[in-house]
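Presented below is the structure to which this report refers.
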Number of protein chains: 2
Amino acid sequence: MKRHFGNIIVCAFFILLIPHGLAAQTDPVFKPISADIIKLTSKVLGEDRKIYVYTPPADTSKPDKHYPVMYVLDGDNHFSLVAEYCRYLSRRDVNVVPEMIIVGIPNTNRTRDLTPTNSIFDYDGNPDTTVNSRYKSSGGGNNFLQFIGTELIPHIDAHYKTQSFKILAGHSFGGITTVNCLLTQPDMFAAYIAISPSFWWDRRYLLNLAAEKLNNDRVKNKIIFYSDANEGMSNGKSAFHDDVIKFDSIITQRKIAGLDHKYICYPEETHMTAPVKAYYDALRFIFRKWDLQP
Amino acid sequence: MKRHFGNIIVCAFFILLIPHGLAAQTDPVFKPISADIIKLTSKVLGEDRKIYVYTPPADTSKPDKHYPVMYVLDGDNHFSLVAEYCRYLSRRDVNVVPEMIIVGIPNTNRTRDLTPTNSIFDYDGNPDTTVNSRYKSSGGGNNFLQFIGTELIPHIDAHYKTQSFKILAGHSFGGITTVNCLLTQPDMFAAYIAISPSFWWDRRYLLNLAAEKLNNDRVKNKIIFYSDANEGMSNGKSAFHDDVIKFDSIITQRKIAGLDHKYICYPEETHMTAPVKAYYDALRFIFRKWDLQP
């Protein structure tokens with residue numbers, strides 16, 4: 001006989017999933033991505049933040065095993081996909097990335113936290129002067145990085161079995177957040193993932209910052225993966241694409257040898273489908289030289 | 001101070017995930033892929049089978065909404081990844097595949113169920129005469145398809161809000177199972193996914209069957225996506241790859257116009273990493289003409 005001693009999820013959600021009163025029970029074979037959901041009271045942000053934390057299954061043969069940590073912005077959208085990737089790709093019979101702790105940071109005020117400057121200029125470079133402009137709250141990006149660096153990372157390191165190797169991953173506004181971190185506080189992470197970064201922000205503020213700050217000494221031994229997709233592309237060209245190309249050319253023209261970098265353009269993907277491919281390619285790139293021997 | 005009010009999973013697993021004895025509770029914000037786990041007593045197979053069923057979140061504005069169904073072989077390995085893909089890709093702001101019901105079929109005796117013939121010939125074409133050869137139980141594939149067609153599908157259709165559009169997806173032995181279904185019982189599904197199908201099985205039994213059976217009338221209005229990876233490939237060549245090329249050439253040379261087909265080779269992926277890319281590409285291919293208007 002089999003025993004059910006399952007998982008489970010929230011009551012209301014769970015009940016909706018069980019149709020027609022069939023006896024459905026949980027089972028140890030199927031293990032969905034599960035996460036601690038912790039609440040941090042942030043002095044830096046002046047608010048409570050929820051944080052999702054996925055940890056690999058315990059390895060009883062290595063009770064003191066420690067893990068790299070990947071921090072995922074827009075955690076409400078991308079956390080479970082990234083955790084699923086890491087779980088599958090670190091299986092013994094797949095074994096192309098190490099087991100990792102995945103930390104998802106869901107948003108409270110996305111525009112505030114994921115923009116480096118206060119700016120009302122929209123995608124086309126026009127000022128958005130409407131009363132309810134979503135840009136009004138922008139510019140909290142450096143404060144948000146301070147939250148990550150001085151509150152979140154220390155908390156995760158104190159409560160989980162972490163290695164020092166850390167990745168910061170983001171998409172769109174999250175992408176400019178990871179680039180901003182590389183440019184302004186490069187030592188916070190070992191590797192950065194910027195998927196379709198919104199370089200248009202504030203009249204290309206970050207491209208100017210990159211031109212000013214990117215040099216060999218500053219980003220030595222760091223890793224960055226960046227990508228874009230078909231964001232308004234016509235005949236292989238778009239302003240969005242041009243910006244990513246420009247960022248890429250700053251890195252390649254300056255021959256920043258210490259910065260291990262890879263750029264992929266996904267012309268067949270949209271702004272929203274590209275993360276499915278990019279997180280995977282980024283993980284494969286970052287860990288391509290990793291020693292995955294057990 | 002912080003409060004932990006996480007979700008979570010099973011007892012033993014659960015405790016390991018909660019560091020430092022913090023209290024963890026459920027939270028509706030983070031929704032991992034969850035599934036009904038149902039038990040079917042199969043007369044065809046003479047055994048009980050567990051089945052995983054993911055259903056999209058209920059749409060209160062469309063209480064009678066029905067969904068396409070995707071059946072995933074090797075459910076123990078691939079179900080949660082495919083469900084995660086479908087959940088993300090069917091979001092309103094992504095919207096490239098429809099919301100779907102995903103049915104995962106975990107294995108009991110994989111070699112028995114996912115091989116079309118009883119054969120002791122191994123990958124190199126040599127007979128495996130060892131006492132404990134795993135091939136001894138092979139050849140239950142057609143019986144397994146009968147289970148799917150006469151027991152599983154009717155059960156799912158009776159208990160879930162299904163549309164008639166159904167996909168069968170498999171990898172490796174699962175890949176030859178989907179090809180075998182297309183060749184022998186093409187009307188069971190509308191679309192087939194064969195990721196790195198093990199055409200070497202039984203001295204290329206299925207390639208011979210394809211040469212015999214594939215014709216326009218038989219597979220009209222069907223869809224198939226098939227792929228392979230770097231399975232022993234050297235200089236772009238391997239016996240595994242040659243087999244998939246041969247299958248592809250049967251389709252293309254016969255100009256089977258009614259069969260909507262796509263073949264992708266992933267030379268940079270291994271047999272085990274390829275499914276990450278292939279399930280995604282297959283879904284995009286199958287639904288590229290789908291009307292995704294709400």
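For the structure tokens, the naming scheme is as follows: chains receive sequential letters (A, B, ...) according to their order of presentation, residues are indexed from 1 within each chain, and ligands are indexed from 1 in presentation order.
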
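The list of residues with at least one atom within 10 Å of Asp281 (chain A), based on only C-alpha atoms and without residues fewer than 2 positions apart in the same chain, reads Phe225, Tyr226, Ser227, Lys262, Ile264, Pro275, Val276, Lys277, Ala278, Tyr279, Leu283, Arg284, Phe285 and Ile286 of chain A; Lys277 of chain B.
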
- Message: For Ser119 (chain B), find every residue with an atom within 7 Å (counting only C-alpha atoms), except residues of its own chain fewer than 5 positions away, and show them as a list of chain:residue names.
- Response: B:Tyr135, B:Ser138, B:Asp202

Please dump the current selection as a short mmCIF file (atom, residue, chain, number, x, y, z; two decimals), in the first residue's frame; keep C-alpha atoms.
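Below you can see part-v8.cif, which holds the result:
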data_model
loop_
_atom_site.label_atom_id
_atom_site.label_comp_id
_atom_site.auth_asym_id
_atom_site.auth_seq_id
_atom_site.Cartn_x
_atom_site.Cartn_y
_atom_site.Cartn_z
CA TYR B 135 15.45 -5.03 -21.31
CA SER B 138 10.46 -4.29 -22.47
CA ASP B 202 15.21 -2.77 -31.26
#

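Residues lying within 7 Å of region 148-164 of chain A, counting only C-alpha atoms and ignoring same-chain neighbours fewer than 6 positions away, are His66, Tyr67, Pro68, Val69 and Met188 of chain A; Pro19 of chain B.
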
- Item | CA of Ala239 (chain B) to CA of Trp200 (chain B), distance in Å rounded to a single decimal |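 So the answer is 8.2 Å.
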
- Task: Find, counting only C-alpha atoms, the residue in B:Ala274, B:Ile193, B:Cys181, B:Ile250 that gets nearest to chain A.
- Result: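 Residue with the minimum atom-to-atom distance to chain A: B:Ala274.
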
- Task: Run DSSP on the backbone of this structure and report the residues of region 44-129 of chain B it assigns to alpha helix (DSSP H), as a VMD selection string.
- Result: chain B and resid 75 to 89 110 to 113

- Task: Have a look at B:Ser42, B:Ser61, B:Asn230, B:Ser80 and name the one nearest to Phe144 (chain B); count only C-alpha atoms.
- Result: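 For Phe144 (chain B), the nearest of the given residues is B:Ser42.
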
- Message: Neighbouring residues of Leu292 (chain A) were defined as those with any atom within 10 Å, considering only C-alpha atoms; residues of the same chain fewer than 6 positions away were excluded. Please report them as a ChimeraX atom specification.
- Response: /A:90,92,95-99

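Going from CA of Leu89 (chain A) to CA of Tyr280 (chain A) covers 9.2 Å.
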
- Item | Selected residue, from B:Gln185, B:Ser34, B:Asn143, B:Gln253, that lies nearest to chain A when counting only C-alpha atoms |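 Ranking B:Gln185, B:Ser34, B:Asn143, B:Gln253 by distance to chain A, first place goes to B:Ser34.
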
- If you run DSSP on the backbone, which residues of region 117-197 of chain B are strand (DSSP E or B), as a list in words?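 Going through region 117-197 of chain B, the strand (DSSP E or B) residues come out as Phe121, Pro127, Thr162, Gln163, Ser164, Phe165, Lys166, Ile167, Leu168, Ala169, Gly170, His171, Ala191, Tyr192, Ile193, Ala194 and Ile195 of chain B.
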
- Shell around region 46-58 of chain B at 8 Å using only C-alpha atoms, local window under 6 positions removed, as a list in words: Phe13, Leu16, Leu17 and Phe30 of chain A; Ile33, Ser34, Ala35, Asp36, Ile37, Ile38, Lys39, Leu40, Gly75, Phe79, Ala83, Arg87, Glu99, Met100, Ile101, Ile102, Val103, Gly104, Ile105, Pro106 and Thr108 of chain B

Those residues with C-alpha atoms, as an mmCIF file, in the first residue's frame please?
data_model
loop_
_atom_site.group_PDB
_atom_site.id
_atom_site.type_symbol
_atom_site.label_atom_id
_atom_site.label_comp_id
_atom_site.auth_asym_id
_atom_site.auth_seq_id
_atom_site.Cartn_x
_atom_site.Cartn_y
_atom_site.Cartn_z
ATOM 1 C CA PHE A 13 -6.171 27.408 -3.787
ATOM 2 C CA LEU A 16 -10.099 24.770 -6.206
ATOM 3 C CA LEU A 17 -7.672 22.290 -7.644
ATOM 4 C CA PHE A 30 5.727 14.934 -6.482
ATOM 5 C CA ILE B 33 3.032 24.511 -9.024
ATOM 6 C CA SER B 34 0.568 22.308 -7.230
ATOM 7 C CA ALA B 35 -1.107 19.216 -8.509
ATOM 8 C CA ASP B 36 -3.836 16.777 -7.815
ATOM 9 C CA ILE B 37 -2.283 13.395 -7.297
ATOM 10 C CA ILE B 38 -4.824 10.826 -8.301
ATOM 11 C CA LYS B 39 -4.670 7.053 -8.256
ATOM 12 C CA LEU B 40 -6.064 5.072 -11.139
ATOM 13 C CA GLY B 75 6.068 12.664 -15.173
ATOM 14 C CA PHE B 79 5.933 17.346 -14.997
ATOM 15 C CA ALA B 83 3.603 22.902 -15.707
ATOM 16 C CA ARG B 87 1.717 28.638 -16.168
ATOM 17 C CA GLU B 99 -3.838 27.920 -20.191
ATOM 18 C CA MET B 100 -3.687 24.161 -20.111
ATOM 19 C CA ILE B 101 -4.281 21.166 -17.940
ATOM 20 C CA ILE B 102 -1.017 19.256 -17.552
ATOM 21 C CA VAL B 103 -1.179 15.536 -16.822
ATOM 22 C CA GLY B 104 2.041 13.925 -15.634
ATOM 23 C CA ILE B 105 2.446 10.158 -15.772
ATOM 24 C CA PRO B 106 5.221 9.025 -13.431
ATOM 25 C CA THR B 108 6.439 2.352 -12.402
#

- Query: Which one of B:Glu268, B:Asp228, B:Asp122, B:Asp217 sits closest to chain A if you count only C-alpha atoms?
  - Reply: B:Glu268

- Could you tell me which of A:Asn132, A:Asn208, A:Asn107, A:Asn118 comes closest to chain B if we count only C-alpha atoms? A:Asn107

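The coordinates place CA of Glu84 (chain B) at 28.6 Å from CA of Val244 (chain A).
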
- Rank A:Ala169, A:Ala257, A:Ala194, A:Met272 by their smallest atom-to-atom distance to chain B, using only C-alpha atoms, and report the top residue only.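 Smallest distance to chain B is found for A:Met272.
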
- Query: If you count only C-alpha atoms, which residues fall within 12 Å of Asn142 (chain A), apart from same-chain ones fewer than 4 positions away, as a list of chain:residue names?
  - Reply: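 Everything that qualifies: A:Val44, A:Leu45, A:Arg112, A:Asp113, A:Leu114, A:Thr115, A:Pro116, A:Thr117, A:Asn118, A:Ser138, A:Gln146, A:Phe147, A:Ile148, A:Gly149, A:Thr150, A:Ile176, A:Thr177, A:Thr178, A:Val179, A:Asn180, A:Cys181, A:Leu182, A:Leu183, A:Thr184, A:Gln185.
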